[in-house]
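Engineer: File data-v8.txt follows (compact mmCIF, C-alpha atoms):
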# COMPACT_ATOMS: atom_id res chain seq x y z
CA ASN A 1 101.65 64.91 5.41
CA ARG A 2 101.65 68.05 7.44
CA ILE A 3 98.46 67.00 9.26
CA THR A 4 99.98 63.62 10.01
CA ARG A 5 102.90 65.34 11.75
CA LEU A 6 100.54 67.55 13.80
CA VAL A 7 98.33 64.71 15.05
CA PRO A 8 100.81 63.43 17.71
CA ALA A 9 101.42 66.99 18.95
CA VAL A 10 97.67 67.65 19.18
CA ARG A 11 97.15 64.34 20.99
CA ARG A 12 99.97 65.18 23.40
CA ALA A 13 98.50 68.67 24.02
CA LEU A 14 95.03 67.20 24.61
CA ARG A 15 96.46 64.60 26.98
CA GLU A 16 98.38 67.32 28.91
CA ALA A 17 95.30 69.55 29.05
CA THR A 18 93.23 66.64 30.34
CA GLU A 19 95.88 65.82 32.96
CA ARG A 20 96.02 69.49 34.07
CA SER A 21 92.23 69.58 34.29
CA GLU A 22 92.19 66.33 36.28
CA ARG A 23 94.91 67.67 38.63
CA ARG A 24 92.94 70.89 39.18
CA GLN A 25 89.83 68.81 39.91
CA ALA A 26 91.80 66.58 42.31
CA VAL A 27 93.20 69.64 44.12
CA ARG A 28 89.68 71.12 44.37
CA GLU A 29 88.32 67.85 45.76
CA LEU A 30 91.22 67.61 48.21
CA ARG A 31 90.55 71.14 49.48
CA GLU A 32 86.86 70.32 49.88
CA SER A 33 87.76 67.13 51.72
CA HIS A 34 90.09 69.03 54.08
CA ALA A 35 87.36 71.61 54.72
CA LYS A 36 84.90 68.83 55.55
CA LEU A 37 87.45 67.19 57.86
CA ARG A 38 87.99 70.50 59.67
CA GLN A 39 84.23 70.90 60.07
CA LEU A 40 83.93 67.34 61.35
CA ALA A 41 86.78 67.86 63.82
CA ALA A 42 85.16 71.07 65.08
CA HIS A 43 81.81 69.31 65.41
CA LEU A 44 83.36 66.38 67.28
CA LEU A 45 85.12 68.78 69.64
CA SER A 46 81.85 70.62 70.23
CA VAL A 47 79.97 67.37 70.90
CA ARG A 48 82.72 66.14 73.22
CA GLU A 49 82.77 69.36 75.22
CA GLU A 50 78.96 69.40 75.43
CA GLU A 51 79.02 65.82 76.73
CA ARG A 52 81.76 66.68 79.24
CA MET A 53 79.66 69.61 80.44
CA ASN A 54 76.57 67.38 80.82
CA ILE A 55 78.53 64.70 82.68
CA ALA A 56 80.07 67.28 85.02
CA ARG A 57 76.66 68.82 85.70
CA ASP A 58 75.08 65.39 86.32
CA ILE A 59 77.88 64.35 88.67
CA HIS A 60 77.65 67.63 90.54
CA ASP A 61 73.86 67.58 90.80
CA GLU A 62 73.18 63.90 91.44
CA LEU A 63 76.22 62.86 93.43
CA GLY A 64 76.34 66.21 95.19
CA GLN A 65 72.79 65.75 96.50
CA VAL A 66 73.51 62.23 97.68
CA LEU A 67 76.70 63.29 99.45
CA ALA A 68 74.96 66.25 101.08
CA ALA A 69 72.19 63.96 102.35
CA LEU A 70 74.77 61.47 103.61
CA LYS A 71 76.63 64.27 105.39
CA MET A 72 73.39 65.36 107.13
CA ASP A 73 72.56 61.77 108.11
CA ILE A 74 76.02 61.33 109.61
CA ALA A 75 75.63 64.59 111.56
CA TRP A 76 72.23 63.39 112.83
CA LEU A 77 73.69 60.05 113.84
CA SER A 78 76.57 61.73 115.65
CA ASP A 79 74.23 64.11 117.49
CA LYS A 80 71.69 61.38 118.32
CA TYR A 81 74.33 59.09 119.81
CA SER A 82 76.72 61.70 121.16
CA ASP A 83 77.09 59.67 124.37
CA HIS A 84 78.55 56.69 122.42
CA ALA A 85 82.25 57.39 121.87
CA THR A 86 82.58 54.68 119.23
CA ILE A 87 79.71 56.06 117.16
CA VAL A 88 81.00 59.62 117.51
CA ALA A 89 84.49 58.54 116.41
CA LYS A 90 83.17 56.51 113.49
CA SER A 91 80.82 59.30 112.38
CA GLY A 92 83.73 61.74 112.49
CA SER A 93 85.71 59.43 110.24
CA MET A 94 82.70 59.07 107.93
CA ARG A 95 82.27 62.86 107.79
CA ALA A 96 85.92 63.24 106.76
CA THR A 97 85.47 60.59 104.06
CA VAL A 98 82.37 62.34 102.72
CA ALA A 99 84.14 65.71 102.79
CA ASN A 100 87.09 64.25 100.84
CA THR A 101 84.67 62.64 98.39
CA ILE A 102 82.96 66.00 97.84
CA LEU A 103 86.34 67.61 97.15
CA SER A 104 87.22 64.82 94.71
CA MET A 105 83.85 65.21 92.99
CA LYS A 106 84.40 68.95 92.61
CA ARG A 107 87.90 68.36 91.20
CA ILE A 108 86.59 65.81 88.70
CA CYS A 109 83.81 68.16 87.60
CA MET A 110 86.29 71.01 87.16
CA GLU A 111 88.58 68.80 85.10
CA LEU A 112 85.70 67.59 82.95
CA ARG A 113 84.41 71.08 82.26
CA PRO A 114 85.61 74.04 84.30
CA ALA A 115 82.55 76.14 85.08
CA LEU A 116 85.02 78.98 85.62
CA LEU A 117 85.45 79.14 81.86
CA ASP A 118 81.77 79.91 81.33
CA HIS A 119 81.47 82.31 84.26
CA PHE A 120 84.83 84.08 84.51
CA GLY A 121 86.49 83.61 81.13
CA LEU A 122 89.67 82.15 79.74
CA GLY A 123 92.17 84.22 81.73
CA ALA A 124 90.76 83.35 85.15
CA THR A 125 90.40 79.70 84.18
CA MET A 126 94.00 79.49 83.00
CA GLU A 127 95.18 81.09 86.24
CA TRP A 128 93.13 78.58 88.24
CA GLN A 129 94.63 75.73 86.18
CA ALA A 130 98.12 77.08 86.82
CA GLU A 131 97.45 77.04 90.58
CA GLU A 132 96.10 73.49 90.38
CA PHE A 133 99.15 72.48 88.36
CA LYS A 134 101.43 73.98 91.02
CA LYS A 135 99.56 72.14 93.81
CA ARG A 136 99.79 68.79 91.98
CA SER A 137 103.31 69.04 90.62
CA GLY A 138 105.14 71.42 92.92
CA ILE A 139 106.32 73.29 89.82
CA GLU A 140 105.93 77.07 89.92
CA CYS A 141 103.51 78.16 87.19
CA LYS A 142 102.82 81.73 86.12
CA VAL A 143 100.29 82.91 83.55
CA VAL A 144 100.86 86.27 81.89
CA LEU A 145 97.92 87.54 79.87
CA GLU A 146 97.92 90.80 77.94
CA PRO A 147 95.25 92.00 77.86
CA HIS A 148 94.13 90.23 81.02
CA ASP A 149 90.56 89.76 79.83
CA ILE A 150 91.06 88.13 76.43
CA ALA A 151 87.87 88.22 74.36
CA VAL A 152 87.36 84.93 72.54
CA ASP A 153 84.22 83.01 71.75
CA LYS A 154 83.15 79.95 73.74
CA ASN A 155 84.58 77.42 71.28
CA GLN A 156 87.93 79.18 71.00
CA ALA A 157 88.13 79.49 74.78
CA ILE A 158 87.70 75.76 75.38
CA VAL A 159 90.21 74.89 72.65
CA LEU A 160 92.79 77.29 74.09
CA PHE A 161 92.14 75.99 77.60
CA ARG A 162 92.54 72.36 76.49
CA ILE A 163 95.80 73.26 74.72
CA PHE A 164 97.00 74.90 77.93
CA GLN A 165 96.02 71.82 79.96
CA GLU A 166 97.82 69.51 77.54
CA SER A 167 100.90 71.74 77.61
CA LEU A 168 101.06 71.53 81.39
CA THR A 169 100.63 67.75 81.22
CA ASN A 170 103.54 67.60 78.76
CA VAL A 171 105.66 69.71 81.12
CA ILE A 172 105.09 67.17 83.89
CA LYS A 173 105.78 64.19 81.63
CA HIS A 174 108.71 65.43 79.57
CA ALA A 175 110.25 68.78 80.52
CA LYS A 176 111.84 68.24 83.94
CA ALA A 177 111.08 71.92 84.52
CA THR A 178 111.22 73.74 87.81
CA LYS A 179 109.22 76.73 86.62
CA VAL A 180 106.62 77.33 83.89
CA GLU A 181 105.53 80.62 82.41
CA ALA A 182 102.70 80.79 79.90
CA SER A 183 101.79 83.92 78.02
Any chance you could put this one into C-alpha cells?

Structural biologist:
Amino acid sequence: NRITRLVPAVRRALREATERSERRQAVRELRESHAKLRQLAAHLLSVREEERMNIARDIHDELGQVLAALKMDIAWLSDKYSDHATIVAKSGSMRATVANTILSMKRICMELRPALLDHFGLGATMEWQAEEFKKRSGIECKVVLEPHDIAVDKNQAIVLFRIFQESLTNVIKHAKATKVEAS
C-alpha cells in the first residue's frame, strides 16, 4: 500500500527531472545556435568587406587606367588641333567631364572601402568621414578620440567605421541636427 502511494510521486519526480534535463539541453543547444549565428554573421561581414575591397580596387585600377588614357588622348587632341576653337572648347569640356568622373570614382571607391582605414587607422578614417559628412550635409561634425590612435584589429576597425557611417546617415535622415559630435 505504501509503495502504491509512492509510485505517483516517483513518476512525478522522474517527469520533472526529465523536463529539467530537456530544458538544460534546449538551453545548451540554443547557446550553441547563437554562437554559430554570431560566427556566421562575422564571416558574412568579413566576406562582404573583402568583396567591397576587391570591387573598390578593381574600379580604381581598371576604370582609373581607362580614364587616365582618355585624359591623355583628350590632351593630345586639344594640342594637335589647337588652332580649331571648336575642338579646343569641346576637349576642355571633355577634360572637365573626365576629371569629374575621376573624382566620382575615387569617392565611390572610398565609400566602398576606405583605403585610409588600412593605411592610417580608425581615427583618421573617422575624421575623414566627418569632413565628407560636413561637405555633403552642411552639418558641423566633430570627432573626439581619446586616445587619438585607437588600437583595434582590422575587423573591429571596419565594424566601428561602418557603425559610425550608419550613425551619420541616421543623423541626416532623422535627427534634424545642426551639429554632430562623436566620441

Engineer: For Glu181 (chain A), work out the shell of residues within 7 Å, counting all atoms listed in the file and skipping chain neighbours fewer than 3 positions away, then give it as a CSV table (one decimal) with C-alpha atoms, in the frame of the given file.

Structural biologist:
chain,number,residue,atom,x,y,z
A,141,CYS,CA,103.5,78.2,87.2
A,142,LYS,CA,102.8,81.7,86.1
A,143,VAL,CA,100.3,82.9,83.6

Engineer: What lies within 10 Å of region 171-178 of chain A using all atoms listed in the file, ignoring chain neighbours under 6 positions off, as a PyMOL selection string?

Structural biologist: chain A and resi 133+136-141+165

Engineer: Any idea what the distance is between CA of Cys109 (chain A) and CA of Val66 (chain A)?

Structural biologist: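 Interatomic distance here is 15.6 Å.
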
Engineer: Taking (95.4, 90.0, 81.9) as a centre in this file's frame and 12 Å as the limit, can you find every polymer residue with an atom that close, using all atoms listed in the file, and give them as a list in words?

Structural biologist: Gly121, Leu122, Gly123, Ala124, Thr125, Met126, Glu127, Lys142, Val143, Val144, Leu145, Glu146, Pro147, His148, Asp149, Ile150, Ala151, Ala182 and Ser183 of chain A

Engineer: Using all atoms listed in the file, which residues sit within 10 Å of region 111-113 of chain A once same-chain residues fewer than 6 positions away are excluded, as a VMD selection string?

Structural biologist: chain A and resid 49 to 57 105 129 158 165

Engineer: Rounded to one decimal place, report the CA of Val159 (chain A)-CA of Lys179 (chain A) distance in Å.

Structural biologist: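 Separating CA of Val159 (chain A) from CA of Lys179 (chain A) is a distance of 23.7 Å.
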
Engineer: What separation in Å, quoted to one decimal, exists between CA of Asn155 (chain A) and CA of Ala41 (chain A)?

Structural biologist: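 Separation between CA of Asn155 (chain A) and CA of Ala41 (chain A): 12.3 Å.
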
Engineer: From the options A:Arg48, A:His60, A:Arg95, A:Arg31, which residue's atoms come nearest to Ala75 (chain A), counting all atoms listed in the file?

Structural biologist: A:Arg95

Engineer: Can region 47-72 of chain A be brought up to N, CA and C atoms and written out as a CSV table (one decimal), in the coordinates of the input?

Structural biologist:
chain,number,residue,atom,x,y,z
A,47,VAL,N,80.8,68.4,70.3
A,47,VAL,CA,80.0,67.4,70.9
A,47,VAL,C,80.7,66.8,72.2
A,48,ARG,N,82.0,66.7,72.1
A,48,ARG,CA,82.7,66.1,73.2
A,48,ARG,C,82.6,67.1,74.4
A,49,GLU,N,82.8,68.4,74.1
A,49,GLU,CA,82.8,69.4,75.2
A,49,GLU,C,81.4,69.5,75.8
A,50,GLU,N,80.4,69.4,75.0
A,50,GLU,CA,79.0,69.4,75.4
A,50,GLU,C,78.7,68.2,76.3
A,51,GLU,N,79.2,67.0,75.9
A,51,GLU,CA,79.0,65.8,76.7
A,51,GLU,C,79.8,65.9,78.1
A,52,ARG,N,81.0,66.5,78.0
A,52,ARG,CA,81.8,66.7,79.2
A,52,ARG,C,81.0,67.6,80.2
A,53,MET,N,80.4,68.7,79.6
A,53,MET,CA,79.7,69.6,80.4
A,53,MET,C,78.4,68.9,81.1
A,54,ASN,N,77.7,68.1,80.3
A,54,ASN,CA,76.6,67.4,80.8
A,54,ASN,C,77.0,66.4,81.9
A,55,ILE,N,78.1,65.7,81.7
A,55,ILE,CA,78.5,64.7,82.7
A,55,ILE,C,78.9,65.4,84.0
A,56,ALA,N,79.7,66.5,83.8
A,56,ALA,CA,80.1,67.3,85.0
A,56,ALA,C,78.9,67.8,85.8
A,57,ARG,N,77.9,68.3,85.1
A,57,ARG,CA,76.7,68.8,85.7
A,57,ARG,C,75.9,67.7,86.4
A,58,ASP,N,75.8,66.5,85.7
A,58,ASP,CA,75.1,65.4,86.3
A,58,ASP,C,75.8,64.9,87.6
A,59,ILE,N,77.1,64.8,87.5
A,59,ILE,CA,77.9,64.4,88.7
A,59,ILE,C,77.7,65.3,89.8
A,60,HIS,N,77.8,66.6,89.5
A,60,HIS,CA,77.6,67.6,90.5
A,60,HIS,C,76.3,67.6,91.2
A,61,ASP,N,75.2,67.5,90.3
A,61,ASP,CA,73.9,67.6,90.8
A,61,ASP,C,73.5,66.3,91.5
A,62,GLU,N,73.6,65.2,90.9
A,62,GLU,CA,73.2,63.9,91.4
A,62,GLU,C,74.0,63.5,92.6
A,63,LEU,N,75.3,63.3,92.4
A,63,LEU,CA,76.2,62.9,93.4
A,63,LEU,C,76.3,63.9,94.6
A,64,GLY,N,76.3,65.2,94.2
A,64,GLY,CA,76.3,66.2,95.2
A,64,GLY,C,75.2,66.1,96.2
A,65,GLN,N,74.0,65.9,95.6
A,65,GLN,CA,72.8,65.8,96.5
A,65,GLN,C,72.9,64.5,97.4
A,66,VAL,N,73.4,63.4,96.9
A,66,VAL,CA,73.5,62.2,97.7
A,66,VAL,C,74.5,62.4,98.8
A,67,LEU,N,75.7,63.1,98.5
A,67,LEU,CA,76.7,63.3,99.4
A,67,LEU,C,76.2,64.3,100.5
A,68,ALA,N,75.5,65.3,100.1
A,68,ALA,CA,75.0,66.2,101.1
A,68,ALA,C,74.0,65.6,102.0
A,69,ALA,N,73.1,64.7,101.5
A,69,ALA,CA,72.2,64.0,102.4
A,69,ALA,C,72.9,63.0,103.3
A,70,LEU,N,74.0,62.4,102.8
A,70,LEU,CA,74.8,61.5,103.6
A,70,LEU,C,75.5,62.2,104.7
A,71,LYS,N,76.0,63.4,104.4
A,71,LYS,CA,76.6,64.3,105.4
A,71,LYS,C,75.7,64.7,106.5
A,72,MET,N,74.4,65.0,106.1
A,72,MET,CA,73.4,65.4,107.1
A,72,MET,C,73.0,64.2,108.0
